[in-house]
Amino acid sequence: MALPVPPPARVFAELLPTPAPAPASAPAGGGGPPAPSGREVHVSGSAELSAGPDRARVSLRLGSRKGAAGAARSSVSRRLEYIAQSARQRGVTVCIIFSDFGKMQNVCNLLIEKLGTSVTISPPHFYHTPEAVDTLRRQVCVAAVGNTRRKAQEVCRLFGQSLGKPLLIREEETKEWGGHIDNHLSNSPDSLTLQERIQNATAYASCRVFAVFEIKGKENRRNKLL
C-alpha cells in the first residue's frame, strides 16, 4: 500500500545565497562605501490581539404612579434631579455613557436602591469607540512586525549570523472580528452577566506581515581586537 503524500512544508524563513560579485572598476579617488553583501532573510510573521469595549450605554426610564398629572411630573423631576446629583458625585456625566464600568455599576445599584421599582435600567450596551478600534489595529500590526523580527533573529542565530537592518516590511493581511459599535443593536439576552456582555463585545484583530532583513556576517573578533 502506498504511503500517504506528506503535506507541503511551510516555509517561514528563507536564507538567500550570496550572489556572485560583478566585476567593477575601482572608483576614482580610492575608497568608497562598501557594496552591500546581498544576503537577506525573508520572514513572515503574524499576531493576534483582543480589546475589550471602552464604553457602555445605559438607558434609564422613570415612572410615577401619582394620581394627579402635576404630582406625577413633580415626582419625576425630583427623581431626575436625584439621578443627576448621584451621577455627579461619582465623577460621571448624566449622558448615560460610561467609560468606567465600575462607576456604572455603582451608580446603577444606587439608583435601584434609592428609587426602587419606579426606575427601570436597561442592561448596559458595551461598544468600542473609533479611537479604540484604530488603536487595536496599530497594536496588532506593530506586534506582528515585532514577532517577525524576532523570528528572523532566531533564524540568523541558528546559522551563526547576525540580523541587519530591514529592507522591506509589507502588511499582507489584516482581519477583524467581534466587537460592537455605538449604533449596534444588541440582541444579547437579559440573563447575561456583566462579564459575559463584555466578552461578547470584545473585538479581535489579526495581522500577517512579510519582511526582508539584511544578514550581517559573523563579527570578526580579530579585527575587533585590532
# chains A, B, ... in the order shown; residues from 1 in each chain; ligands from 1

$ residues_around --residues "segment 52-61 of chain A" --least-positions-apart "6" --cutoff "6 Å" --atoms "only C-alpha atoms" --output "ChimeraX atom specification"
/A:96-99,119-122,124-128,202

$ write_last_selection --atoms "C-alpha atoms" --output "PDB file, in the first residue's frame"
ATOM      1  CA  ILE A  96     -25.732  57.620  30.285  1.00  0.00           C
ATOM      2  CA  ILE A  97     -22.432  56.933  28.520  1.00  0.00           C
ATOM      3  CA  PHE A  98     -19.841  55.374  30.827  1.00  0.00           C
ATOM      4  CA  SER A  99     -16.145  54.808  30.277  1.00  0.00           C
ATOM      5  CA  VAL A 119     -36.765  53.336  37.828  1.00  0.00           C
ATOM      6  CA  THR A 120     -36.042  50.851  35.035  1.00  0.00           C
ATOM      7  CA  ILE A 121     -32.436  50.411  33.978  1.00  0.00           C
ATOM      8  CA  SER A 122     -31.698  48.597  30.740  1.00  0.00           C
ATOM      9  CA  PRO A 124     -25.627  48.018  29.507  1.00  0.00           C
ATOM     10  CA  HIS A 125     -24.650  48.047  25.854  1.00  0.00           C
ATOM     11  CA  PHE A 126     -20.875  47.773  25.536  1.00  0.00           C
ATOM     12  CA  TYR A 127     -19.124  49.058  22.446  1.00  0.00           C
ATOM     13  CA  HIS A 128     -15.861  50.420  21.029  1.00  0.00           C
ATOM     14  CA  THR A 202     -14.682  42.128  22.775  1.00  0.00           C
TER      15      THR A 202
END

$ residues_around --residues "Lys151 of chain A" --least-positions-apart "5" --cutoff "12 Å" --atoms "only C-alpha atoms" --output "list in words"
Phe12, Ala13, Glu14, Val41, His42, Val43, Ser44, Gly45, Ser46, Ala144, Val145, Gly146, Cys156, Arg157, Leu158, Leu163, Phe210, Ala211, Val212 and Phe213 of chain A

$ atom_distance --atom1 "atom CA of Val155 of chain A" --atom2 "atom CA of Ser50 of chain A"
28.3 Å

$ residues_around --residues "Cys207 of chain A" --least-positions-apart "6" --cutoff "10 Å" --atoms "only C-alpha atoms" --output "list of chain:residue names"
A:Gly45, A:Ser46, A:Ala47, A:Glu48, A:Leu49, A:Arg137, A:Arg138, A:Gln139, A:Val140, A:Cys141, A:Val142, A:Ala143, A:Ala144, A:Val145, A:Glu171, A:Glu172, A:Glu173, A:Thr174, A:Lys175, A:Glu176

$ write_last_selection --atoms "all heavy atoms" --output "short mmCIF file (atom, residue, chain, number, x, y, z; two decimals), in the first residue's frame"
data_model
loop_
_atom_site.label_atom_id
_atom_site.label_comp_id
_atom_site.auth_asym_id
_atom_site.auth_seq_id
_atom_site.Cartn_x
_atom_site.Cartn_y
_atom_site.Cartn_z
N GLY A 45 5.49 36.72 9.53
CA GLY A 45 5.09 36.63 10.92
C GLY A 45 3.69 37.17 11.10
O GLY A 45 3.15 37.86 10.23
N SER A 46 3.08 36.83 12.22
CA SER A 46 1.70 37.26 12.46
C SER A 46 1.50 37.52 13.95
O SER A 46 2.34 37.17 14.78
CB SER A 46 0.72 36.18 11.99
OG SER A 46 0.93 34.97 12.70
N ALA A 47 0.37 38.13 14.25
CA ALA A 47 0.00 38.41 15.64
C ALA A 47 -1.51 38.52 15.72
O ALA A 47 -2.18 38.84 14.73
CB ALA A 47 0.65 39.71 16.14
N GLU A 48 -2.04 38.24 16.89
CA GLU A 48 -3.48 38.36 17.14
C GLU A 48 -3.68 38.99 18.50
O GLU A 48 -3.08 38.56 19.49
CB GLU A 48 -4.16 37.00 17.08
CG GLU A 48 -5.66 37.05 17.32
CD GLU A 48 -6.32 35.68 17.23
OE1 GLU A 48 -5.98 34.93 16.29
OE2 GLU A 48 -7.16 35.37 18.10
N LEU A 49 -4.50 40.04 18.57
CA LEU A 49 -4.77 40.74 19.81
C LEU A 49 -6.27 40.92 19.98
O LEU A 49 -7.04 40.81 19.03
CB LEU A 49 -4.09 42.11 19.81
CG LEU A 49 -2.55 42.15 19.75
CD1 LEU A 49 -2.06 43.59 19.70
CD2 LEU A 49 -1.95 41.42 20.94
N ARG A 137 -5.89 48.21 15.83
CA ARG A 137 -5.29 47.93 14.52
C ARG A 137 -3.79 48.23 14.52
O ARG A 137 -2.99 47.46 13.98
CB ARG A 137 -5.99 48.77 13.45
CG ARG A 137 -7.42 48.34 13.16
CD ARG A 137 -8.13 49.36 12.32
NE ARG A 137 -9.50 48.97 12.03
CZ ARG A 137 -10.45 49.82 11.61
NH1 ARG A 137 -10.15 51.10 11.42
NH2 ARG A 137 -11.67 49.37 11.37
N ARG A 138 -3.42 49.36 15.11
CA ARG A 138 -2.00 49.70 15.15
C ARG A 138 -1.22 48.72 16.01
O ARG A 138 -0.12 48.29 15.66
CB ARG A 138 -1.82 51.13 15.68
CG ARG A 138 -2.31 52.21 14.73
CD ARG A 138 -1.79 53.57 15.19
NE ARG A 138 -2.19 53.89 16.54
CZ ARG A 138 -3.31 54.53 16.86
NH1 ARG A 138 -4.14 54.91 15.90
NH2 ARG A 138 -3.60 54.80 18.12
N GLN A 139 -1.79 48.36 17.15
CA GLN A 139 -1.08 47.48 18.08
C GLN A 139 -0.84 46.10 17.46
O GLN A 139 0.24 45.52 17.63
CB GLN A 139 -1.86 47.34 19.38
CG GLN A 139 -1.84 48.59 20.24
CD GLN A 139 -2.69 48.46 21.49
OE1 GLN A 139 -3.57 47.58 21.56
NE2 GLN A 139 -2.46 49.31 22.47
N VAL A 140 -1.84 45.56 16.75
CA VAL A 140 -1.67 44.22 16.19
C VAL A 140 -0.66 44.24 15.05
O VAL A 140 0.11 43.28 14.86
CB VAL A 140 -3.02 43.64 15.74
CG1 VAL A 140 -3.53 44.31 14.47
CG2 VAL A 140 -2.93 42.14 15.52
N CYS A 141 -0.60 45.34 14.29
CA CYS A 141 0.39 45.45 13.22
C CYS A 141 1.80 45.54 13.79
O CYS A 141 2.73 44.86 13.32
CB CYS A 141 0.08 46.66 12.34
SG CYS A 141 1.22 46.87 10.96
N VAL A 142 1.98 46.37 14.81
CA VAL A 142 3.29 46.50 15.44
C VAL A 142 3.71 45.18 16.08
O VAL A 142 4.89 44.78 16.01
CB VAL A 142 3.26 47.64 16.49
CG1 VAL A 142 4.54 47.66 17.31
CG2 VAL A 142 3.06 48.99 15.80
N ALA A 143 2.76 44.47 16.70
CA ALA A 143 3.09 43.18 17.30
C ALA A 143 3.52 42.16 16.25
O ALA A 143 4.45 41.37 16.47
CB ALA A 143 1.89 42.65 18.09
N ALA A 144 2.86 42.17 15.09
CA ALA A 144 3.23 41.24 14.02
C ALA A 144 4.64 41.55 13.51
O ALA A 144 5.43 40.63 13.24
CB ALA A 144 2.21 41.31 12.88
N VAL A 145 4.96 42.82 13.36
CA VAL A 145 6.31 43.19 12.91
C VAL A 145 7.34 42.76 13.95
O VAL A 145 8.41 42.24 13.61
CB VAL A 145 6.38 44.71 12.65
CG1 VAL A 145 7.82 45.14 12.37
CG2 VAL A 145 5.48 45.10 11.48
N GLU A 171 2.66 44.66 4.97
CA GLU A 171 1.49 44.10 5.63
C GLU A 171 0.69 43.32 4.58
O GLU A 171 0.21 43.87 3.59
CB GLU A 171 0.64 45.22 6.23
CG GLU A 171 -0.55 44.72 7.04
CD GLU A 171 -1.36 45.88 7.60
OE1 GLU A 171 -1.72 46.76 6.80
OE2 GLU A 171 -1.61 45.91 8.81
N GLU A 172 0.53 42.02 4.81
CA GLU A 172 -0.10 41.17 3.80
C GLU A 172 -1.57 40.93 4.07
O GLU A 172 -2.36 40.83 3.13
CB GLU A 172 0.63 39.82 3.73
CG GLU A 172 2.05 39.93 3.18
CD GLU A 172 2.61 38.58 2.81
OE1 GLU A 172 2.31 37.60 3.52
OE2 GLU A 172 3.34 38.50 1.80
N GLU A 173 -1.96 40.82 5.32
CA GLU A 173 -3.36 40.51 5.62
C GLU A 173 -3.72 41.02 7.01
O GLU A 173 -2.94 40.88 7.95
CB GLU A 173 -3.61 39.00 5.53
CG GLU A 173 -5.05 38.61 5.77
CD GLU A 173 -5.25 37.11 5.75
OE1 GLU A 173 -4.54 36.41 6.52
OE2 GLU A 173 -6.10 36.62 5.00
N THR A 174 -4.88 41.60 7.12
CA THR A 174 -5.41 42.05 8.40
C THR A 174 -6.86 41.61 8.51
O THR A 174 -7.64 41.81 7.57
CB THR A 174 -5.32 43.58 8.56
OG1 THR A 174 -3.95 43.98 8.45
CG2 THR A 174 -5.86 44.02 9.91
N LYS A 175 -7.21 41.00 9.62
CA LYS A 175 -8.58 40.55 9.85
C LYS A 175 -9.10 41.13 11.15
O LYS A 175 -8.34 41.30 12.10
CB LYS A 175 -8.64 39.02 9.91
CG LYS A 175 -8.32 38.32 8.59
CD LYS A 175 -8.45 36.81 8.74
CE LYS A 175 -8.15 36.09 7.44
NZ LYS A 175 -8.28 34.61 7.60
N GLU A 176 -10.39 41.41 11.17
CA GLU A 176 -11.04 41.92 12.38
C GLU A 176 -12.37 41.19 12.54
O GLU A 176 -13.07 40.94 11.56
CB GLU A 176 -11.30 43.44 12.27
CG GLU A 176 -10.04 44.26 12.11
CD GLU A 176 -10.35 45.73 11.88
OE1 GLU A 176 -11.52 46.12 12.06
OE2 GLU A 176 -9.44 46.48 11.51
#
